[in-house]
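Note: the block below is target15.tsv and it holds TSV, C-alpha atoms and all ligand atoms.
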```
chain	number	residue	atom	x	y	z
A	1	MET	CA	38.89	14.72	-28.23
A	2	HIS	CA	37.77	11.35	-26.83
A	3	ALA	CA	34.26	10.23	-27.78
A	4	ILE	CA	32.02	9.72	-24.75
A	5	PRO	CA	30.71	6.12	-24.85
A	6	LEU	CA	27.01	5.92	-25.72
A	7	ASN	CA	26.35	3.54	-22.84
A	8	PHE	CA	27.72	6.12	-20.44
A	9	ILE	CA	25.36	8.81	-21.79
A	10	LEU	CA	22.36	6.46	-21.76
A	11	TYR	CA	23.13	5.39	-18.20
A	12	PHE	CA	23.08	8.97	-16.94
A	13	ALA	CA	20.07	9.94	-19.06
A	14	ASN	CA	18.18	7.02	-17.56
A	15	LEU	CA	19.34	7.88	-14.06
A	16	PHE	CA	18.24	11.51	-14.46
A	17	ARG	CA	14.89	10.47	-15.97
A	18	MET	CA	14.18	8.00	-13.17
A	19	LYS	CA	15.14	10.48	-10.44
A	20	PHE	CA	13.00	13.20	-12.03
A	21	TYR	CA	10.14	10.79	-12.74
A	22	ASP	CA	10.26	9.26	-9.25
A	23	LYS	CA	10.38	12.61	-7.51
A	24	TYR	CA	8.00	14.79	-9.50
A	25	ILE	CA	5.75	12.62	-11.64
A	26	LEU	CA	5.24	9.31	-9.83
A	27	PRO	CA	3.77	10.76	-6.59
A	28	LYS	CA	1.20	12.79	-8.56
A	29	LEU	CA	0.39	9.78	-10.73
A	30	THR	CA	0.00	7.53	-7.67
A	31	HIS	CA	-2.33	10.04	-6.02
A	32	LEU	CA	-4.39	10.33	-9.22
A	33	VAL	CA	-4.69	6.59	-9.85
A	34	CYS	CA	-5.58	5.90	-6.22
A	35	SER	CA	-8.27	8.62	-6.32
A	36	GLN	CA	-10.38	6.75	-8.89
A	37	ASN	CA	-14.10	6.54	-8.10
A	38	ASP	CA	-14.33	2.75	-7.93
A	39	ILE	CA	-11.48	2.63	-5.40
A	40	THR	CA	-13.03	5.51	-3.43
A	41	ARG	CA	-16.32	3.61	-3.21
A	42	VAL	CA	-14.51	0.69	-1.56
A	43	ARG	CA	-12.65	3.03	0.82
A	44	GLU	CA	-16.06	4.44	1.87
A	45	LYS	CA	-17.21	0.97	2.95
A	46	LEU	CA	-13.97	-0.49	4.32
A	47	VAL	CA	-12.21	2.31	6.19
A	48	PRO	CA	-15.04	3.05	8.70
A	49	LEU	CA	-14.57	-0.51	10.03
A	50	ALA	CA	-11.23	0.56	11.54
A	51	LYS	CA	-11.40	1.27	15.26
A	52	GLY	CA	-9.33	2.16	18.32
A	53	ARG	CA	-5.60	2.67	17.88
A	54	ILE	CA	-5.13	2.42	14.12
A	55	LEU	CA	-1.96	1.94	12.13
A	56	GLU	CA	-2.13	2.68	8.42
A	57	VAL	CA	0.81	1.10	6.59
A	58	GLY	CA	1.60	2.93	3.35
A	59	ILE	CA	-0.63	5.89	4.16
A	60	GLY	CA	0.44	7.52	0.87
A	61	SER	CA	-1.35	10.80	0.18
A	62	GLY	CA	-3.90	10.14	2.95
A	63	LEU	CA	-6.79	9.13	0.72
A	64	ASN	CA	-8.28	6.93	3.46
A	65	LEU	CA	-8.25	9.67	6.13
A	66	PRO	CA	-11.65	11.25	5.34
A	67	PHE	CA	-13.35	7.84	5.61
A	68	TYR	CA	-12.37	6.90	9.17
A	69	ASP	CA	-15.31	7.03	11.56
A	70	PRO	CA	-14.21	9.68	14.12
A	71	THR	CA	-16.49	8.14	16.77
A	72	LYS	CA	-14.48	4.90	16.59
A	73	VAL	CA	-10.97	6.29	16.24
A	74	ASP	CA	-8.68	6.80	19.25
A	75	ARG	CA	-5.74	7.80	17.07
A	76	VAL	CA	-4.16	7.03	13.72
A	77	TRP	CA	-0.49	6.27	13.14
A	78	GLY	CA	0.66	6.47	9.54
A	79	LEU	CA	3.86	5.34	7.92
A	80	ASP	CA	5.15	5.65	4.38
A	81	PRO	CA	8.58	6.02	2.75
A	82	SER	CA	7.42	8.66	0.24
A	83	SER	CA	8.05	12.17	1.56
A	84	GLN	CA	6.17	13.66	-1.42
A	85	LEU	CA	3.00	11.65	-0.72
A	86	LYS	CA	3.27	12.22	3.04
A	87	LYS	CA	3.37	15.96	2.42
A	88	ILE	CA	-0.12	15.73	0.87
A	89	ALA	CA	-1.30	13.39	3.65
A	90	LYS	CA	-0.08	15.75	6.38
A	91	LYS	CA	-2.22	18.60	5.01
A	92	LYS	CA	-5.29	16.33	5.12
A	93	ALA	CA	-4.37	15.00	8.56
A	94	ALA	CA	-4.35	18.53	9.99
A	95	ARG	CA	-8.07	18.82	9.15
A	96	MET	CA	-9.11	15.53	10.78
A	97	PRO	CA	-11.03	15.53	14.08
A	98	PHE	CA	-8.61	12.92	15.51
A	99	ASP	CA	-4.84	12.72	16.00
A	100	VAL	CA	-2.76	11.47	13.10
A	101	ASP	CA	0.93	10.85	13.77
A	102	PHE	CA	3.43	10.03	11.06
A	103	ILE	CA	5.75	7.58	12.74
A	104	GLY	CA	8.01	5.90	10.24
A	105	LEU	CA	9.08	5.01	6.79
A	106	SER	CA	8.70	1.34	6.18
A	107	GLY	CA	6.24	-1.44	6.87
A	108	GLU	CA	9.19	-3.78	7.34
A	109	ASP	CA	10.25	-1.89	10.47
A	110	ILE	CA	7.28	-0.56	12.45
A	111	PRO	CA	8.34	1.60	15.41
A	112	LEU	CA	5.53	0.42	17.72
A	113	GLU	CA	5.36	-2.02	20.64
A	114	LYS	CA	4.04	-5.55	20.37
A	115	ASN	CA	0.21	-5.77	20.81
A	116	SER	CA	-0.14	-1.97	20.75
A	117	VAL	CA	-2.57	-1.59	17.83
A	118	ASP	CA	-6.28	-2.46	17.46
A	119	THR	CA	-6.50	-2.15	13.67
A	120	VAL	CA	-3.96	-2.20	10.87
A	121	LEU	CA	-5.27	-0.77	7.60
A	122	VAL	CA	-3.42	-1.46	4.38
A	123	THR	CA	-4.74	-0.45	0.95
A	124	TYR	CA	-2.90	-0.88	-2.37
A	125	THR	CA	0.40	-1.14	-0.55
A	126	LEU	CA	1.26	-4.84	-0.12
A	127	CYS	CA	2.00	-4.81	-3.86
A	128	SER	CA	4.77	-2.22	-3.35
A	129	ILE	CA	6.53	-3.16	-0.11
A	130	PRO	CA	9.88	-4.72	-1.07
A	131	ASP	CA	9.92	-7.32	1.74
A	132	VAL	CA	6.20	-7.89	2.05
A	133	ARG	CA	6.51	-10.97	4.28
A	134	LYS	CA	8.63	-9.04	6.78
A	135	ALA	CA	6.08	-6.20	6.74
A	136	LEU	CA	3.15	-8.59	7.33
A	137	ASN	CA	5.05	-10.18	10.23
A	138	GLU	CA	5.55	-6.70	11.66
A	139	MET	CA	1.82	-5.93	11.31
A	140	ASN	CA	1.09	-9.21	13.10
A	141	ARG	CA	3.52	-8.30	15.89
A	142	VAL	CA	2.01	-4.88	16.61
A	143	LEU	CA	-1.62	-6.03	16.43
A	144	ARG	CA	-3.14	-7.05	19.76
A	145	PRO	CA	-4.76	-10.51	19.96
A	146	GLY	CA	-8.17	-10.16	18.29
A	147	GLY	CA	-7.08	-6.96	16.53
A	148	GLU	CA	-7.89	-6.71	12.84
A	149	LEU	CA	-5.88	-6.35	9.68
A	150	ILE	CA	-8.17	-4.66	7.15
A	151	PHE	CA	-6.90	-4.94	3.60
A	152	TYR	CA	-7.80	-3.92	0.07
A	153	GLU	CA	-5.12	-4.91	-2.41
A	154	HIS	CA	-4.66	-5.92	-6.03
A	155	GLY	CA	-2.68	-9.02	-6.86
A	156	ARG	CA	-2.33	-12.41	-8.46
A	157	SER	CA	-5.25	-13.51	-10.61
A	158	PRO	CA	-6.78	-16.98	-10.21
A	159	ASP	CA	-6.91	-17.30	-14.04
A	160	LYS	CA	-3.94	-19.01	-15.62
A	161	ASN	CA	-4.01	-16.89	-18.76
A	162	ILE	CA	-4.10	-13.59	-16.84
A	163	ARG	CA	-1.39	-14.82	-14.46
A	164	LYS	CA	0.84	-15.53	-17.43
A	165	TRP	CA	0.52	-11.88	-18.53
A	166	GLN	CA	0.96	-10.58	-14.99
A	167	ASP	CA	4.27	-12.47	-14.76
A	168	LYS	CA	5.39	-11.26	-18.20
A	169	ILE	CA	4.62	-7.59	-17.63
A	170	ASN	CA	5.73	-7.44	-13.99
A	171	PRO	CA	9.47	-6.71	-14.51
A	172	ILE	CA	8.71	-3.57	-16.58
A	173	TRP	CA	5.69	-2.61	-14.50
A	174	THR	CA	7.65	-2.52	-11.23
A	175	LYS	CA	10.14	-0.09	-12.81
A	176	ILE	CA	7.55	2.46	-13.94
A	177	SER	CA	5.15	2.14	-11.01
A	178	GLY	CA	7.38	2.78	-8.01
A	179	GLY	CA	7.95	-0.89	-7.19
A	180	CYS	CA	4.35	-2.11	-7.53
A	181	ASN	CA	4.01	-5.84	-8.33
A	182	LEU	CA	1.08	-7.20	-10.33
A	183	ASN	CA	1.38	-10.82	-9.32
A	184	ARG	CA	1.55	-11.13	-5.55
A	185	PRO	CA	-0.71	-13.83	-4.05
A	186	ILE	CA	-2.13	-11.48	-1.42
A	187	SER	CA	-4.39	-13.84	0.56
A	188	ASN	CA	-1.70	-16.54	0.72
A	189	LEU	CA	0.92	-14.03	1.86
A	190	ILE	CA	-1.41	-12.87	4.64
A	191	LYS	CA	-2.15	-16.44	5.77
A	192	GLU	CA	1.53	-17.42	5.65
A	193	SER	CA	2.37	-14.49	7.94
A	194	GLY	CA	0.43	-15.82	10.93
A	195	PHE	CA	-3.01	-14.42	10.15
A	196	LYS	CA	-6.38	-16.10	9.87
A	197	ILE	CA	-8.58	-14.49	7.20
A	198	ILE	CA	-12.11	-14.13	8.57
A	199	ASN	CA	-13.60	-12.27	5.62
A	200	LEU	CA	-12.50	-12.24	2.00
A	201	ASP	CA	-13.97	-10.90	-1.21
A	202	ALA	CA	-11.60	-11.58	-4.11
A	203	LYS	CA	-12.66	-10.54	-7.61
A	204	TYR	CA	-11.91	-8.35	-10.63
A	205	ASN	CA	-12.91	-4.74	-10.17
A	206	SER	CA	-11.75	-3.57	-13.58
A	207	PRO	CA	-11.87	-4.79	-17.19
A	208	LEU	CA	-8.09	-4.38	-17.18
A	209	LYS	CA	-7.66	-7.82	-15.66
A	210	VAL	CA	-3.86	-7.87	-15.25
A	211	ILE	CA	-4.13	-5.11	-12.65
A	212	GLY	CA	-7.76	-5.57	-11.67
A	213	PHE	CA	-7.90	-8.63	-9.44
A	214	ASN	CA	-8.61	-7.33	-5.94
A	215	TYR	CA	-8.47	-8.88	-2.49
A	216	ARG	CA	-10.61	-7.15	0.08
A	217	GLY	CA	-11.02	-8.51	3.58
A	218	ILE	CA	-10.25	-8.78	7.25
A	219	ALA	CA	-7.70	-11.01	9.01
A	220	VAL	CA	-6.82	-11.55	12.67
A	221	PRO	CA	-3.59	-12.84	14.24
A	222	ALA	CA	-3.97	-16.66	14.23
B	301	LIG	C1	-0.28	2.73	-4.64
B	301	LIG	S1	0.26	3.61	-3.24
B	301	LIG	C2	-1.14	3.45	-2.13
B	301	LIG	C3	-1.22	4.53	-1.12
B	301	LIG	C4	-2.39	4.45	-0.14
B	301	LIG	N1	-2.30	3.28	0.69
B	301	LIG	C5	-3.72	4.48	-0.85
B	301	LIG	O1	-4.51	3.53	-0.72
B	301	LIG	O2	-3.99	5.48	-1.54
B	301	LIG	C6	1.47	2.51	-2.52
B	301	LIG	C7	2.09	3.07	-1.29
B	301	LIG	O3	3.00	2.12	-0.72
B	301	LIG	C8	4.05	2.86	-0.16
B	301	LIG	N2	5.19	1.99	0.14
B	301	LIG	C9	6.19	1.60	-0.70
B	301	LIG	N3	7.10	0.88	-0.03
B	301	LIG	C10	6.68	0.81	1.26
B	301	LIG	C11	7.21	0.22	2.44
B	301	LIG	N4	8.36	-0.44	2.44
B	301	LIG	N5	6.51	0.35	3.60
B	301	LIG	C12	5.34	1.04	3.62
B	301	LIG	N6	4.80	1.62	2.54
B	301	LIG	C13	5.46	1.51	1.37
B	301	LIG	C14	4.32	3.92	-1.22
B	301	LIG	O4	5.13	4.98	-0.78
B	301	LIG	C15	2.89	4.34	-1.56
B	301	LIG	O5	2.44	5.36	-0.71
```
Please express the file's structure as structure tokens.
Amino acid sequence: MHAIPLNFILYFANLFRMKFYDKYILPKLTHLVCSQNDITRVREKLVPLAKGRILEVGIGSGLNLPFYDPTKVDRVWGLDPSSQLKKIAKKKAARMPFDVDFIGLSGEDIPLEKNSVDTVLVTYTLCSIPDVRKALNEMNRVLRPGGELIFYEHGRSPDKNIRKWQDKINPIWTKISGGCNLNRPISNLIKESGFKIINLDAKYNSPLKVIGFNYRGIAVPA
């Protein structure tokens, strides 16, 4: 009998593990990590600023939904590629006192007209979108003049020593975290995509500095 090459076995074991992990474990882990109290406290302050026709890019499990101010919301559109996370979000959406429509999969291809949105909300998602520049250009396209991009994201640290670790760990981190990147220069990416940042608070929110440098703010199409 021919021996099955070890590489062949390892390849399929890895494939099976990643498929199983991505489908059953990662969505639950993402929901859990994003439900942390310190993140929730920021959601409480940031999300009620959204108004009018709102697009949430990377709506995930819908953790922002309870914090929208119903008196300011005309409607919410949500998009996300994860069917597992959207399943959780849809249950929450059904209990909201405003309409929530799930309209698409990817921030790089937003199925909405130019200038059709008053607020784009994006939280802990710019780290994970494969073509983040394309997605930011899309957000800029759908926002009306004067509309606001509200963001809360982790990313590249201003400290050289931490940045060095972010760059080192990133290749492994992206594999186990569903494509999340530790080292994206969030405010620069936003500015380079045709936005003017009108409010920015950038600081560590966790002692775990490689993942804890956060950018929270508001930008408008320039
Ligand atoms: C860490 S989770 C954050 C979820 C949610 N925004 C929150 O604050 O709880 C990152 C989200 O980005 C989504 N994502 C990944 N690639 C994306 C893409 N191309 N376009 C839009 N969302 C994407 C993931 O499916 C996931 O829901």
Counting all atoms listed in the file, note down every residue that has an atom within 12 Å of the point (-18.1, -0.6, 7.2) (file coordinates), as a PyMOL selection string. chain A and resi 41-51+67-69+72+150+217-218
Please produce an output containing C-alpha atoms for each residue in the selection, written as a PDB file, keeping the file's coordinate frame.
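Saved the output as selection-v4.pdb:
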```
ATOM      1  CA  ARG A  41     -16.320   3.610  -3.210  1.00  0.00           C
ATOM      2  CA  VAL A  42     -14.510   0.690  -1.560  1.00  0.00           C
ATOM      3  CA  ARG A  43     -12.650   3.030   0.820  1.00  0.00           C
ATOM      4  CA  GLU A  44     -16.060   4.440   1.870  1.00  0.00           C
ATOM      5  CA  LYS A  45     -17.210   0.970   2.950  1.00  0.00           C
ATOM      6  CA  LEU A  46     -13.970  -0.490   4.320  1.00  0.00           C
ATOM      7  CA  VAL A  47     -12.210   2.310   6.190  1.00  0.00           C
ATOM      8  CA  PRO A  48     -15.040   3.050   8.700  1.00  0.00           C
ATOM      9  CA  LEU A  49     -14.570  -0.510  10.030  1.00  0.00           C
ATOM     10  CA  ALA A  50     -11.230   0.560  11.540  1.00  0.00           C
ATOM     11  CA  LYS A  51     -11.400   1.270  15.260  1.00  0.00           C
ATOM     12  CA  PHE A  67     -13.350   7.840   5.610  1.00  0.00           C
ATOM     13  CA  TYR A  68     -12.370   6.900   9.170  1.00  0.00           C
ATOM     14  CA  ASP A  69     -15.310   7.030  11.560  1.00  0.00           C
ATOM     15  CA  LYS A  72     -14.480   4.900  16.590  1.00  0.00           C
ATOM     16  CA  ILE A 150      -8.170  -4.660   7.150  1.00  0.00           C
ATOM     17  CA  GLY A 217     -11.020  -8.510   3.580  1.00  0.00           C
ATOM     18  CA  ILE A 218     -10.250  -8.780   7.250  1.00  0.00           C
TER      19      ILE A 218
END
```
Given the point (-7.7, 8.8, 7.7) in the coordinates of this file, which residues lie within 12 Å, counting only C-alpha atoms, and how would they look as an MDAnalysis selection string? chainID A and resid 43:44 46:51 54:70 72:78 89:102 121:123
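Remark: for Asp167 (chain A), the closest of the candidate residues A:Asn199, A:Ser106, A:Asn181, A:Ser187 is A:Asn181 (distances computed over only C-alpha atoms).
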Show me a table, sorted first by chain and then by increasing residue number, of the residues of chain A having an atom at most 9 Å from ligand LIG 301 (chain B), each with its shortest atom pair and the distance in Å to one decimal, counting all atoms listed in the file and written as a tab-separated table.
```
residue	atom	partner	partner_atom	distance
A:Pro27	CA	B:LIG301	O5	8.1
A:Thr30	CA	B:LIG301	C1	5.7
A:His31	CA	B:LIG301	O2	6.6
A:Val33	CA	B:LIG301	C1	7.8
A:Cys34	CA	B:LIG301	O2	5.0
A:Ser35	CA	B:LIG301	O2	7.1
A:Ile39	CA	B:LIG301	O1	8.4
A:Arg43	CA	B:LIG301	O1	8.3
A:Glu56	CA	B:LIG301	N1	7.8
A:Val57	CA	B:LIG301	C12	5.4
A:Gly58	CA	B:LIG301	N6	3.6
A:Ile59	CA	B:LIG301	N1	4.7
A:Gly60	CA	B:LIG301	O5	3.3
A:Ser61	CA	B:LIG301	O2	6.2
A:Gly62	CA	B:LIG301	O2	6.5
A:Leu63	CA	B:LIG301	O2	5.1
A:Asn64	CA	B:LIG301	O1	6.6
A:Leu79	CA	B:LIG301	C12	6.3
A:Asp80	CA	B:LIG301	N6	4.4
A:Pro81	CA	B:LIG301	O4	5.0
A:Ser82	CA	B:LIG301	O4	4.5
A:Ser83	CA	B:LIG301	O4	8.1
A:Gln84	CA	B:LIG301	O4	8.8
A:Leu85	CA	B:LIG301	O5	6.3
A:Lys86	CA	B:LIG301	O5	7.9
A:Gly104	CA	B:LIG301	C12	8.6
A:Leu105	CA	B:LIG301	N5	6.2
A:Ser106	CA	B:LIG301	N5	3.5
A:Gly107	CA	B:LIG301	N5	3.7
A:Glu108	CA	B:LIG301	N4	6.0
A:Asp109	CA	B:LIG301	N5	8.1
A:Ile110	CA	B:LIG301	N5	8.9
A:Leu121	CA	B:LIG301	N1	8.5
A:Val122	CA	B:LIG301	N1	6.1
A:Thr123	CA	B:LIG301	O1	4.3
A:Tyr124	CA	B:LIG301	C2	4.7
A:Thr125	CA	B:LIG301	O3	4.2
A:Leu126	CA	B:LIG301	O3	7.2
A:Cys127	CA	B:LIG301	C6	7.5
A:Ser128	CA	B:LIG301	C9	4.9
A:Ile129	CA	B:LIG301	N3	4.1
A:Pro130	CA	B:LIG301	N4	5.7
A:Asp131	CA	B:LIG301	N4	7.1
A:Val132	CA	B:LIG301	N4	7.8
A:Ala135	CA	B:LIG301	N5	7.3
A:Tyr152	CA	B:LIG301	O1	8.2
A:Glu153	CA	B:LIG301	O1	8.6
A:Ser177	CA	B:LIG301	C1	8.4
A:Gly178	CA	B:LIG301	C9	7.5
A:Gly179	CA	B:LIG301	C9	7.2
A:Cys180	CA	B:LIG301	C1	7.3
```
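For Pro158 (chain A), the list of residues within 10 Å, based on all atoms listed in the file and with local chain neighbours fewer than 2 positions off taken out, reads Gly155, Arg156, Lys160, Asn161, Ile162, Arg163, Pro185, Ala202, Lys203 and Phe213 of chain A.
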Between CA of Phe195 (chain A) and CA of Trp165 (chain A), what is the distance, to one decimal in Å? 29.0 Å
Could you work out how far CA of Pro221 (chain A) lies from CA of Pro145 (chain A), giving the answer in Å with one decimal? 6.3 Å
Residue nearest Tyr215 (chain A) - candidates A:Asn7, A:Gln36, A:Ser157, A:Thr174, atoms counted: only C-alpha atoms: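 Between A:Asn7, A:Gln36, A:Ser157, A:Thr174, the residue approaching Tyr215 (chain A) most closely is A:Ser157.
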One number please: CA of Val142 (chain A) to CA of Ile190 (chain A), in Å, one decimal. 14.8 Å
